[in-house]
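Reading through the structure tokens given below for one structure.
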Amino acid sequence: MKRRKIRPKRLFGAAITYLIILAVCFVFLFPILWLVLASFSKTGSIYSFRGFFPTEYSFDSFVKLFTDTEMYNYPRWFLNTLFIALMSSLFGTTLTILTAYCMSRFRFKSRKALMKTTLILGMFPSFMTMTAVYILMTQFNLINQRWGLILIYSAGAPMGYLTQKGFFDTISISIDEAARIDGATNFQIFMRITLPLAAPMIVYTLLSSFVWPWSDFILPKLLLKNKDLYTVAVGLMALDNTEFSRFAAGSVFIAVPIVIFYFALSKFLINGLSAGAVKQ
Amino acid sequence: MSKNLSAVVAHIAILLAVFIVCGLLSSVAAATDAGAAKFTGELEENATLRVLENDTAIKQGYLAELIAAFNEEYKDYHITVQDANMDQYTDLENDGPYGYGPDVLYQANDRIMRYPDGKHILPLPAEEFDCYDKISEKGWQAYRRTVAGQEYTFGIPVNVQGPLLYYRKDLLPENWESEWDDDGDGIPDMVEYWTDMYRFSKEIKEGGGGKKFGYMRSFLEPYFSVGYLYSYGGYTFGKGNTDPSDIGHSKGNAELGANIIRQLATVMDQRCIDDSVTTGAYAALASGEFFATITTPDVYTMFVDEMKAKGYTEDFIAENLVTTYIPKLPASGNLEDESQGFIECNMMGGVQGYAISSYTKYPNAALAFVKFATSYEMIKRRNELLGIVPARGDVADEVGGLSEVINNNLEAGNITVMPSIKENAQIWTPLQTLFQDLAKDAFRTGAEIKYATLDSMKEALQRVDQQIYDSIFTLQ
């Protein structure tokens, strides 16, 4: 068999491409690598580093994170974050899927106007409404309540329904019509036909609705005053400035669940993303 | 006729204006009086007070002790105190009106004294406190405000914050007694005079290959840097820091203070420009990378912890980690010129204390708590556990040492207490930018140097004053 000869021009192009990829990877990965290594620093102080990296390593920061909880109760912050993110994800996904399904399957007056309005409203950053949200929450007595945050995240989630609508648009309407001829109601069609077909999209929505509350800082900082109710993001920001290694360990550990979720559900996630992007 | 009419209208307008102003003033005074009137002396039974303390007090167990002692003392009244469990910098202005703020708060005077304007804290009957005649006038002034011609006290001073020089005695040169003690007082000159500290730091930097330093401190924080301006005649606000229309960082010979900052930066490295060195100073002093730094008295334990982590024994630390008052400055404003003698270094300080929220449902119980927390026993215990400098003169005299030194310096005017007016919030950013630029200038070369002359520094200070003025008055 004759071996294919690689032309020098092509080789040079590939080398340049790989160099650029490596440089970009370095820019993105280096801060993460640095944070991970810093979290294992034995001295616990960023200022004892020689160059970029710690001189000695240990698990002390992680042990301290979960055992020294009198001032900084990381386990509790972690559970608060998990509770808020899970609940927001469940309610947010339900609302988003319902909104997307309605917009995809039903034709009603002002549908287009509503779609355009939600599209525009979704473009505004959430912190724009901070003052109004704070005052509203005080009126509903939802300050210092984890359910207050869940309400805001869940209510805001349907604003990003367009990807899900795009997915529902790809499911042929003739399936719905066939079911309807067989006597199925709209609810039955949604529950028994559309939802099973939309599994990748539901997983994608669950994950994306989970990430926002999991990493948000502004809203929890605004609404949670009691230290015991802090989320991880707020708690880490409240650490004393001498607690750098604890901060690094906390930041590394908070990434663990989300990384596990992403790897476990990556197949659904990719299917969901690509499915929502194609319109039949 | 029309002239008469105009005169009558003008008189009515003036009278109306006078009535409105008087009405406003009296309503403000009435509101403040109403605040004071909440203290009837009758303790509210079954009260639960939420107390906001600083993190160090919580960490070192002082708050738990204070709460336990108070709850025991007032158990017959069923008054319970608990940790507010909030961020130590919680802003009562935001959370108080909606009922989420603490009942009693412990903060610095510049923060507490932002609250009286919005009537967020209650005026206190200071003369009822047993510490009333034990605290210096300067301490009380930090919490006083005149409303409609009447003076009110809004906080009870607990702790005087003033900067101290921390240094490692074991890092002094072996021959310091013969070479670095010209006045023969048994104290190394480098911790007595900035000129000698500058010379010593220069020697260390040159001999250390950029890895060892003498004095090191970030200039980014105005709290620690503005004192150099004060020492040469500058001030923040006129009329004893009460008149925001008179901003004086450029007044007197303040440019000499700016020159000191620029010169000191030359014996450090570029870390003096940003804030990284502030928290790093604990480890750096412990490792011997720095010989000396300046910070507040309450972080002494941080240095001790870092030194212990490096394997030093408690005896060694007690012997060699030394704190002393800030060295004297050369009157010439030049760290290489001692010919004109020396002046005291006037640094910015603060007074931390207790205040009572206007939104508390239990003002009398809160007052009882503040009285208890500022009693002789509790302040002494606070000093023992946290190493604070007590504002109470009787405790300061008893514990002596630096508490006495700082209180004496406060009395002597060598510590200027942070202004207790809300306009003070506008001074930090412009000053921070200038100090950063001055420090950076020490590392510029050739045509890039911005502050080569005292005139250029004076102009920069004048620009800062104008920026502060604009930020206070532009939208008023």
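In the structure tokens, the first chain shown is A, the next is B, and so on; residue numbers restart at 1 for each chain, and ligands run from 1 in the order shown.
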
Q: With a distance threshold of 12 Å and counting only C-alpha atoms, extract the residues of chain A near chain B and express them as an NGL selection string.
A: :A and (42-50 or 68-73 or 131 or 134-145 or 221-230 or 234-235 or 237-244)

For the residues in that selection, give me N, CA and C atoms as a short mmCIF file (atom, residue, chain, number, x, y, z; two decimals), in the first residue's frame.
```cif
data_model
loop_
_atom_site.label_atom_id
_atom_site.label_comp_id
_atom_site.auth_asym_id
_atom_site.auth_seq_id
_atom_site.Cartn_x
_atom_site.Cartn_y
_atom_site.Cartn_z
N LYS A 42 -0.14 23.40 51.79
CA LYS A 42 0.00 23.00 53.19
C LYS A 42 -0.04 24.21 54.13
N THR A 43 0.60 25.29 53.72
CA THR A 43 0.69 26.45 54.61
C THR A 43 -0.64 27.19 54.69
N GLY A 44 -1.44 27.07 53.64
CA GLY A 44 -2.72 27.75 53.64
C GLY A 44 -2.63 29.19 53.22
N SER A 45 -1.43 29.71 53.01
CA SER A 45 -1.29 31.12 52.64
C SER A 45 -0.75 31.23 51.22
N ILE A 46 -1.39 32.03 50.45
CA ILE A 46 -0.98 32.27 49.07
C ILE A 46 0.41 32.91 49.01
N TYR A 47 0.75 33.59 50.10
CA TYR A 47 2.00 34.35 50.09
C TYR A 47 3.23 33.51 50.44
N SER A 48 2.98 32.25 50.76
CA SER A 48 4.13 31.39 51.03
C SER A 48 4.53 30.61 49.78
N PHE A 49 3.84 30.90 48.66
CA PHE A 49 4.16 30.19 47.43
C PHE A 49 5.53 30.64 46.93
N ARG A 50 6.19 29.71 46.29
CA ARG A 50 7.42 30.10 45.58
C ARG A 50 7.06 30.08 44.11
N ASP A 68 -13.97 22.70 60.67
CA ASP A 68 -13.93 23.97 61.40
C ASP A 68 -15.10 24.84 60.94
N THR A 69 -16.28 24.57 61.53
CA THR A 69 -17.50 25.20 61.00
C THR A 69 -18.09 26.27 61.91
N GLU A 70 -17.38 26.61 62.97
CA GLU A 70 -17.97 27.57 63.91
C GLU A 70 -18.21 28.94 63.25
N MET A 71 -17.19 29.43 62.56
CA MET A 71 -17.33 30.73 61.90
C MET A 71 -17.83 30.59 60.46
N TYR A 72 -17.30 29.62 59.78
CA TYR A 72 -17.61 29.45 58.35
C TYR A 72 -18.14 28.04 58.13
N ASN A 73 -19.47 27.95 58.11
CA ASN A 73 -20.10 26.63 58.06
C ASN A 73 -20.29 26.19 56.61
N THR A 131 -33.31 46.10 43.06
CA THR A 131 -33.99 46.90 44.09
C THR A 131 -35.46 46.52 44.17
N TYR A 134 -35.88 43.19 45.84
CA TYR A 134 -35.67 43.28 47.28
C TYR A 134 -36.92 43.81 47.98
N ILE A 135 -37.49 44.89 47.41
CA ILE A 135 -38.67 45.48 48.05
C ILE A 135 -39.85 44.51 48.00
N LEU A 136 -40.03 43.86 46.84
CA LEU A 136 -41.11 42.88 46.72
C LEU A 136 -40.96 41.75 47.74
N MET A 137 -39.73 41.27 47.85
CA MET A 137 -39.49 40.16 48.77
C MET A 137 -39.73 40.56 50.23
N THR A 138 -39.42 41.82 50.55
CA THR A 138 -39.71 42.26 51.92
C THR A 138 -41.22 42.27 52.16
N GLN A 139 -41.99 42.66 51.12
CA GLN A 139 -43.45 42.71 51.27
C GLN A 139 -44.04 41.30 51.43
N PHE A 140 -43.44 40.34 50.75
CA PHE A 140 -43.93 38.96 50.86
C PHE A 140 -43.28 38.20 52.01
N ASN A 141 -42.47 38.91 52.78
CA ASN A 141 -41.76 38.30 53.91
C ASN A 141 -40.87 37.13 53.45
N LEU A 142 -40.22 37.33 52.32
CA LEU A 142 -39.39 36.25 51.76
C LEU A 142 -37.89 36.55 51.84
N ILE A 143 -37.52 37.57 52.64
CA ILE A 143 -36.10 37.80 52.90
C ILE A 143 -35.67 36.75 53.93
N ASN A 144 -34.45 36.30 53.80
CA ASN A 144 -33.96 35.26 54.71
C ASN A 144 -34.72 33.96 54.58
N GLN A 145 -35.25 33.71 53.37
CA GLN A 145 -35.99 32.47 53.11
C GLN A 145 -35.42 31.85 51.84
N LYS A 221 -26.89 37.07 47.88
CA LYS A 221 -26.28 38.12 48.71
C LYS A 221 -27.33 39.15 49.10
N LEU A 222 -28.24 39.42 48.18
CA LEU A 222 -29.28 40.42 48.42
C LEU A 222 -30.34 39.92 49.39
N LEU A 223 -30.70 38.65 49.27
CA LEU A 223 -31.88 38.17 50.00
C LEU A 223 -31.58 37.37 51.27
N LEU A 224 -30.36 36.85 51.36
CA LEU A 224 -30.06 36.03 52.54
C LEU A 224 -29.15 36.80 53.49
N LYS A 225 -29.68 37.15 54.65
CA LYS A 225 -28.92 37.96 55.61
C LYS A 225 -28.27 37.09 56.68
N ASN A 226 -28.95 36.00 56.98
CA ASN A 226 -28.47 35.14 58.05
C ASN A 226 -27.34 34.24 57.54
N LYS A 227 -26.23 34.20 58.28
CA LYS A 227 -25.07 33.42 57.83
C LYS A 227 -25.39 31.94 57.63
N ASP A 228 -26.33 31.43 58.44
CA ASP A 228 -26.68 30.01 58.31
C ASP A 228 -27.43 29.71 57.02
N LEU A 229 -27.94 30.75 56.37
CA LEU A 229 -28.69 30.52 55.14
C LEU A 229 -27.85 30.80 53.90
N TYR A 230 -26.62 31.25 54.10
CA TYR A 230 -25.76 31.59 52.95
C TYR A 230 -25.64 30.43 51.97
N VAL A 234 -21.90 33.13 48.41
CA VAL A 234 -21.94 34.23 49.37
C VAL A 234 -21.00 33.93 50.54
N GLY A 235 -21.04 32.70 51.00
CA GLY A 235 -20.18 32.30 52.13
C GLY A 235 -18.71 32.47 51.80
N MET A 237 -17.38 34.47 49.72
CA MET A 237 -17.05 35.90 49.65
C MET A 237 -16.95 36.52 51.03
N ALA A 238 -17.62 35.90 52.00
CA ALA A 238 -17.60 36.45 53.36
C ALA A 238 -16.40 35.97 54.16
N LEU A 239 -15.60 35.08 53.58
CA LEU A 239 -14.43 34.59 54.32
C LEU A 239 -13.46 35.73 54.59
N ASP A 240 -12.78 35.61 55.70
CA ASP A 240 -11.77 36.59 56.05
C ASP A 240 -10.64 36.54 55.01
N ASN A 241 -9.98 37.67 54.78
CA ASN A 241 -8.98 37.67 53.71
C ASN A 241 -7.71 36.88 54.04
N THR A 242 -7.66 36.30 55.23
CA THR A 242 -6.52 35.44 55.53
C THR A 242 -6.85 33.96 55.27
N GLU A 243 -8.06 33.72 54.79
CA GLU A 243 -8.52 32.33 54.62
C GLU A 243 -8.43 31.90 53.17
N PHE A 244 -7.32 32.19 52.53
CA PHE A 244 -7.27 31.94 51.10
C PHE A 244 -7.38 30.46 50.74
#
```

(Q) I need the residues in region 17-252 of chain A that are alpha helix (DSSP H) according to DSSP; give them as a ChimeraX atom specification. (A) /A:17-39,60-67,74-105,111-123,130-139,146-156,162-170,173-181,186-188,195-197,199-215,218-223,232-237,244-252

What lies within 12 Å of region 196-206 of chain A using only C-alpha atoms, ignoring chain neighbours under 5 positions off, as a tab-separated table (two decimals) with C-alpha atoms, in the first residue's frame?
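Listing of around14.tsv after writing:
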```tsv
chain	number	residue	atom	x	y	z
A	85	ALA	CA	-30.41	24.71	43.03
A	86	LEU	CA	-32.32	21.41	43.02
A	87	MET	CA	-35.68	22.97	43.79
A	88	SER	CA	-35.15	25.80	41.33
A	89	SER	CA	-34.08	23.30	38.72
A	90	LEU	CA	-37.20	21.15	39.22
A	91	PHE	CA	-39.68	24.02	39.24
A	92	GLY	CA	-37.82	26.00	36.58
A	93	THR	CA	-37.68	23.01	34.23
A	94	THR	CA	-41.38	22.30	34.65
A	95	LEU	CA	-42.28	25.90	33.87
A	96	THR	CA	-39.86	26.16	30.97
A	97	ILE	CA	-41.03	22.94	29.34
A	98	LEU	CA	-44.67	23.94	29.73
A	100	ALA	CA	-42.03	26.00	25.36
A	101	TYR	CA	-44.69	23.37	24.64
A	154	SER	CA	-38.08	29.30	38.95
A	157	ALA	CA	-36.39	30.25	34.07
A	158	PRO	CA	-39.16	30.21	31.40
A	160	GLY	CA	-35.11	31.07	28.21
A	161	TYR	CA	-37.69	28.72	26.65
A	162	LEU	CA	-36.60	29.22	23.02
A	163	THR	CA	-34.23	26.25	22.85
A	164	GLN	CA	-36.94	23.97	24.21
A	165	LYS	CA	-39.50	25.42	21.80
A	166	GLY	CA	-37.08	24.72	18.95
A	167	PHE	CA	-36.91	21.11	20.10
A	168	PHE	CA	-40.69	20.70	20.31
A	169	ASP	CA	-40.95	22.20	16.83
A	170	THR	CA	-38.87	19.28	15.55
A	171	ILE	CA	-41.40	16.70	16.83
A	172	SER	CA	-43.86	16.17	14.04
A	175	ILE	CA	-48.07	12.44	15.92
A	188	GLN	CA	-52.40	13.16	27.59
A	189	ILE	CA	-50.55	14.05	24.38
A	190	PHE	CA	-48.09	16.14	26.37
A	191	MET	CA	-47.52	13.58	29.09
A	211	VAL	CA	-26.24	25.89	37.06
A	212	TRP	CA	-27.64	29.41	37.49
A	213	PRO	CA	-28.68	29.14	41.16
A	258	ILE	CA	-21.70	20.01	38.70
A	261	PHE	CA	-23.72	15.85	36.65
A	262	TYR	CA	-22.19	17.03	33.41
A	264	ALA	CA	-23.06	11.57	33.82
A	265	LEU	CA	-25.56	13.35	31.64
A	266	SER	CA	-23.31	14.59	28.85
A	267	LYS	CA	-24.98	12.34	26.25
A	268	PHE	CA	-28.39	13.89	26.97
A	269	LEU	CA	-26.88	17.31	27.15
A	270	ILE	CA	-25.33	17.12	23.69
A	271	ASN	CA	-28.48	15.59	22.22
A	272	GLY	CA	-30.58	18.28	23.83
A	273	LEU	CA	-28.36	21.08	22.60
A	274	SER	CA	-28.19	19.84	19.02
A	275	ALA	CA	-31.88	18.92	18.91
A	276	GLY	CA	-32.97	22.33	20.07
A	277	ALA	CA	-30.87	23.98	17.43
```

Q) If you count only C-alpha atoms, which residues fall within 9 Å of Trp176 (chain B), apart from same-chain ones fewer than 5 positions away, as a list in words? A) Asp181, Pro188 and Asp189 of chain B

Write out, as a short mmCIF file (atom, residue, chain, number, x, y, z; two decimals), in the first residue's frame, the residues just selected, with C-alpha atoms.
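Okay, this is what ended up in out00.cif:
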```
data_model
loop_
_atom_site.label_atom_id
_atom_site.label_comp_id
_atom_site.auth_asym_id
_atom_site.auth_seq_id
_atom_site.Cartn_x
_atom_site.Cartn_y
_atom_site.Cartn_z
CA ASP B 181 21.28 53.77 68.39
CA PRO B 188 16.92 50.85 67.70
CA ASP B 189 16.80 54.07 65.68
#
```

Q. Residues at most 10 Å from region 427-444 of chain B, counting only C-alpha atoms, excluding those fewer than 6 positions away in the same chain, as an MDAnalysis selection string?
A. chainID B and resid 218:223 225:226 236:237 247 249 258:275 450:452 457 460:461 463:469 471:472

Kindly save the residues from that selection, with N, CA and C atoms included, as a short mmCIF file (atom, residue, chain, number, x, y, z; two decimals), in the first residue's frame.
```
data_model
loop_
_atom_site.label_atom_id
_atom_site.label_comp_id
_atom_site.auth_asym_id
_atom_site.auth_seq_id
_atom_site.Cartn_x
_atom_site.Cartn_y
_atom_site.Cartn_z
N SER B 218 1.55 48.09 52.06
CA SER B 218 0.86 48.60 50.88
C SER B 218 0.40 50.03 51.14
N PHE B 219 0.55 50.88 50.12
CA PHE B 219 0.07 52.26 50.27
C PHE B 219 -1.36 52.42 49.78
N LEU B 220 -1.92 51.30 49.32
CA LEU B 220 -3.24 51.36 48.72
C LEU B 220 -4.32 51.81 49.72
N GLU B 221 -4.15 51.42 50.95
CA GLU B 221 -5.18 51.72 51.94
C GLU B 221 -5.00 53.12 52.52
N PRO B 222 -5.90 54.04 52.22
CA PRO B 222 -5.77 55.39 52.74
C PRO B 222 -5.70 55.45 54.26
N TYR B 223 -6.35 54.46 54.91
CA TYR B 223 -6.36 54.44 56.37
C TYR B 223 -4.93 54.47 56.93
N SER B 225 -2.19 55.37 54.94
CA SER B 225 -1.32 56.26 54.17
C SER B 225 -1.62 57.74 54.38
N VAL B 226 -2.87 58.04 54.69
CA VAL B 226 -3.24 59.46 54.76
C VAL B 226 -2.54 60.18 55.91
N THR B 236 -8.53 65.97 56.53
CA THR B 236 -9.60 65.48 55.63
C THR B 236 -10.69 66.52 55.51
N PHE B 237 -11.40 66.81 56.59
CA PHE B 237 -12.42 67.85 56.55
C PHE B 237 -12.08 68.92 57.58
N ILE B 247 -12.09 70.64 52.26
CA ILE B 247 -11.31 69.39 52.14
C ILE B 247 -9.84 69.76 52.06
N HIS B 249 -6.64 67.73 52.08
CA HIS B 249 -5.50 66.82 51.92
C HIS B 249 -4.30 67.50 51.27
N ALA B 258 3.36 63.33 50.87
CA ALA B 258 3.30 62.58 49.61
C ALA B 258 4.71 62.15 49.19
N ASN B 259 5.65 63.04 49.44
CA ASN B 259 7.04 62.73 49.10
C ASN B 259 7.57 61.57 49.94
N ILE B 260 7.16 61.52 51.21
CA ILE B 260 7.58 60.41 52.09
C ILE B 260 7.07 59.09 51.52
N ILE B 261 5.80 59.08 51.08
CA ILE B 261 5.22 57.85 50.52
C ILE B 261 6.04 57.41 49.31
N ARG B 262 6.34 58.36 48.45
CA ARG B 262 7.09 58.03 47.23
C ARG B 262 8.49 57.50 47.57
N GLN B 263 9.10 58.11 48.58
CA GLN B 263 10.45 57.65 48.96
C GLN B 263 10.40 56.27 49.59
N LEU B 264 9.42 56.05 50.48
CA LEU B 264 9.32 54.74 51.14
C LEU B 264 9.08 53.62 50.11
N ALA B 265 8.33 53.94 49.06
CA ALA B 265 8.05 52.92 48.03
C ALA B 265 9.34 52.43 47.38
N THR B 266 10.35 53.29 47.33
CA THR B 266 11.60 52.89 46.66
C THR B 266 12.34 51.78 47.42
N VAL B 267 12.08 51.66 48.72
CA VAL B 267 12.78 50.59 49.45
C VAL B 267 11.94 49.31 49.56
N MET B 268 10.80 49.35 48.90
CA MET B 268 9.96 48.13 48.85
C MET B 268 10.03 47.58 47.43
N ASP B 269 9.10 46.66 47.10
CA ASP B 269 8.98 46.27 45.70
C ASP B 269 7.56 46.63 45.25
N GLN B 270 7.21 46.20 44.05
CA GLN B 270 5.95 46.69 43.48
C GLN B 270 4.70 46.20 44.23
N ARG B 271 4.89 45.30 45.18
CA ARG B 271 3.73 44.86 45.96
C ARG B 271 3.17 45.99 46.83
N CYS B 272 3.95 47.04 47.03
CA CYS B 272 3.43 48.15 47.84
C CYS B 272 2.37 48.94 47.08
N ILE B 273 2.24 48.66 45.78
CA ILE B 273 1.26 49.40 44.97
C ILE B 273 -0.13 48.79 45.13
N ASP B 274 -0.18 47.46 45.23
CA ASP B 274 -1.50 46.84 45.34
C ASP B 274 -1.73 46.32 46.76
N ASP B 275 -2.77 45.51 46.91
CA ASP B 275 -3.18 45.12 48.25
C ASP B 275 -2.66 43.74 48.65
N LYS B 450 6.04 60.92 37.14
CA LYS B 450 5.00 61.96 37.23
C LYS B 450 5.21 62.92 38.39
N TYR B 451 5.85 62.44 39.44
CA TYR B 451 5.94 63.26 40.65
C TYR B 451 7.40 63.52 41.03
N ALA B 452 8.07 64.21 40.14
CA ALA B 452 9.49 64.47 40.37
C ALA B 452 9.68 65.66 41.31
N MET B 457 3.33 67.10 43.24
CA MET B 457 2.59 66.34 44.26
C MET B 457 1.47 67.21 44.85
N ALA B 460 -1.37 67.25 42.47
CA ALA B 460 -2.10 65.98 42.51
C ALA B 460 -3.02 65.93 43.73
N LEU B 461 -2.52 66.43 44.86
CA LEU B 461 -3.34 66.45 46.08
C LEU B 461 -4.53 67.40 45.92
N ARG B 463 -5.99 68.08 43.14
CA ARG B 463 -6.96 67.41 42.25
C ARG B 463 -7.80 66.40 43.05
N VAL B 464 -7.15 65.71 43.96
CA VAL B 464 -7.87 64.73 44.79
C VAL B 464 -8.93 65.45 45.63
N ASP B 465 -8.54 66.57 46.23
CA ASP B 465 -9.50 67.33 47.04
C ASP B 465 -10.69 67.76 46.19
N GLN B 466 -10.41 68.19 44.97
CA GLN B 466 -11.49 68.62 44.08
C GLN B 466 -12.40 67.45 43.73
N GLN B 467 -11.79 66.29 43.48
CA GLN B 467 -12.59 65.09 43.15
C GLN B 467 -13.51 64.74 44.32
N ILE B 468 -12.96 64.80 45.52
CA ILE B 468 -13.78 64.46 46.69
C ILE B 468 -14.92 65.48 46.83
N TYR B 469 -14.56 66.75 46.65
CA TYR B 469 -15.58 67.80 46.76
C TYR B 469 -16.69 67.56 45.74
N SER B 471 -17.56 64.80 44.26
CA SER B 471 -18.38 63.62 44.54
C SER B 471 -19.34 63.86 45.70
N ILE B 472 -19.00 64.78 46.57
CA ILE B 472 -19.93 65.08 47.68
C ILE B 472 -21.03 66.04 47.23
#
```

Q: Work out how far apart CA of Pro297 (chain B) and CA of Pro390 (chain B) are and give it in Å to one decimal.
A: 11.2 Å

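In this comparison, which uses only C-alpha atoms, the residue of A:Leu29, A:Ile20, A:Val36, A:Leu114 approaching Ala249 (chain A) most closely is A:Val36.
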
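Using only C-alpha atoms for every distance, the candidate list B:Asp455, B:Ile449, B:Asp196, B:Asn424 yields B:Asp196 as the residue closest to Glu338 (chain B).
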
Write out as a short mmCIF file (atom, residue, chain, number, x, y, z; two decimals) with N, CA and C atoms, in the first residue's frame which residues come within 8 Å of Asn407 (chain B) when counting only C-alpha atoms, dropping same-chain ones fewer than 2 positions away.
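Everything below was put into result_16.cif:
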```
data_model
loop_
_atom_site.label_atom_id
_atom_site.label_comp_id
_atom_site.auth_asym_id
_atom_site.auth_seq_id
_atom_site.Cartn_x
_atom_site.Cartn_y
_atom_site.Cartn_z
N VAL B 160 -10.16 51.71 70.72
CA VAL B 160 -9.47 52.72 69.90
C VAL B 160 -8.57 51.99 68.92
N VAL B 389 -7.45 47.83 72.13
CA VAL B 389 -7.01 48.97 72.95
C VAL B 389 -8.28 49.60 73.52
N ALA B 391 -11.12 51.90 74.99
CA ALA B 391 -11.37 53.34 75.02
C ALA B 391 -11.54 53.80 76.46
N GLY B 393 -10.44 54.65 79.84
CA GLY B 393 -9.14 55.02 80.38
C GLY B 393 -8.72 54.17 81.56
N ALA B 396 -7.45 50.94 80.20
CA ALA B 396 -6.19 51.20 79.47
C ALA B 396 -5.04 51.43 80.44
N SER B 403 -1.87 49.89 74.99
CA SER B 403 -3.18 50.50 75.20
C SER B 403 -3.01 51.92 75.72
N GLU B 404 -2.10 52.04 76.65
CA GLU B 404 -1.81 53.35 77.23
C GLU B 404 -1.18 54.27 76.17
N VAL B 405 -0.24 53.69 75.40
CA VAL B 405 0.46 54.48 74.38
C VAL B 405 -0.53 55.02 73.35
N ASN B 409 -1.58 58.82 72.63
CA ASN B 409 -1.42 59.42 71.31
C ASN B 409 -2.73 60.00 70.79
N LEU B 410 -3.82 59.35 71.14
CA LEU B 410 -5.13 59.88 70.76
C LEU B 410 -5.35 61.22 71.45
N GLU B 411 -5.04 61.24 72.73
CA GLU B 411 -5.20 62.47 73.51
C GLU B 411 -4.30 63.59 72.99
#
```

Q.
If we count only C-alpha atoms and set the cut-off at 12 Å, which residues sit around region 372-374 of chain B, ignoring sequence neighbours fewer than 6 positions away in its own chain? Please answer as a count of residues only.
A. 45

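CA of Asn320 (chain B) sits 19.6 Å away from CA of Arg217 (chain B).
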
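In this structure, CA of Leu229 (chain B) sits 4.5 Å away from CA of Gly257 (chain B).
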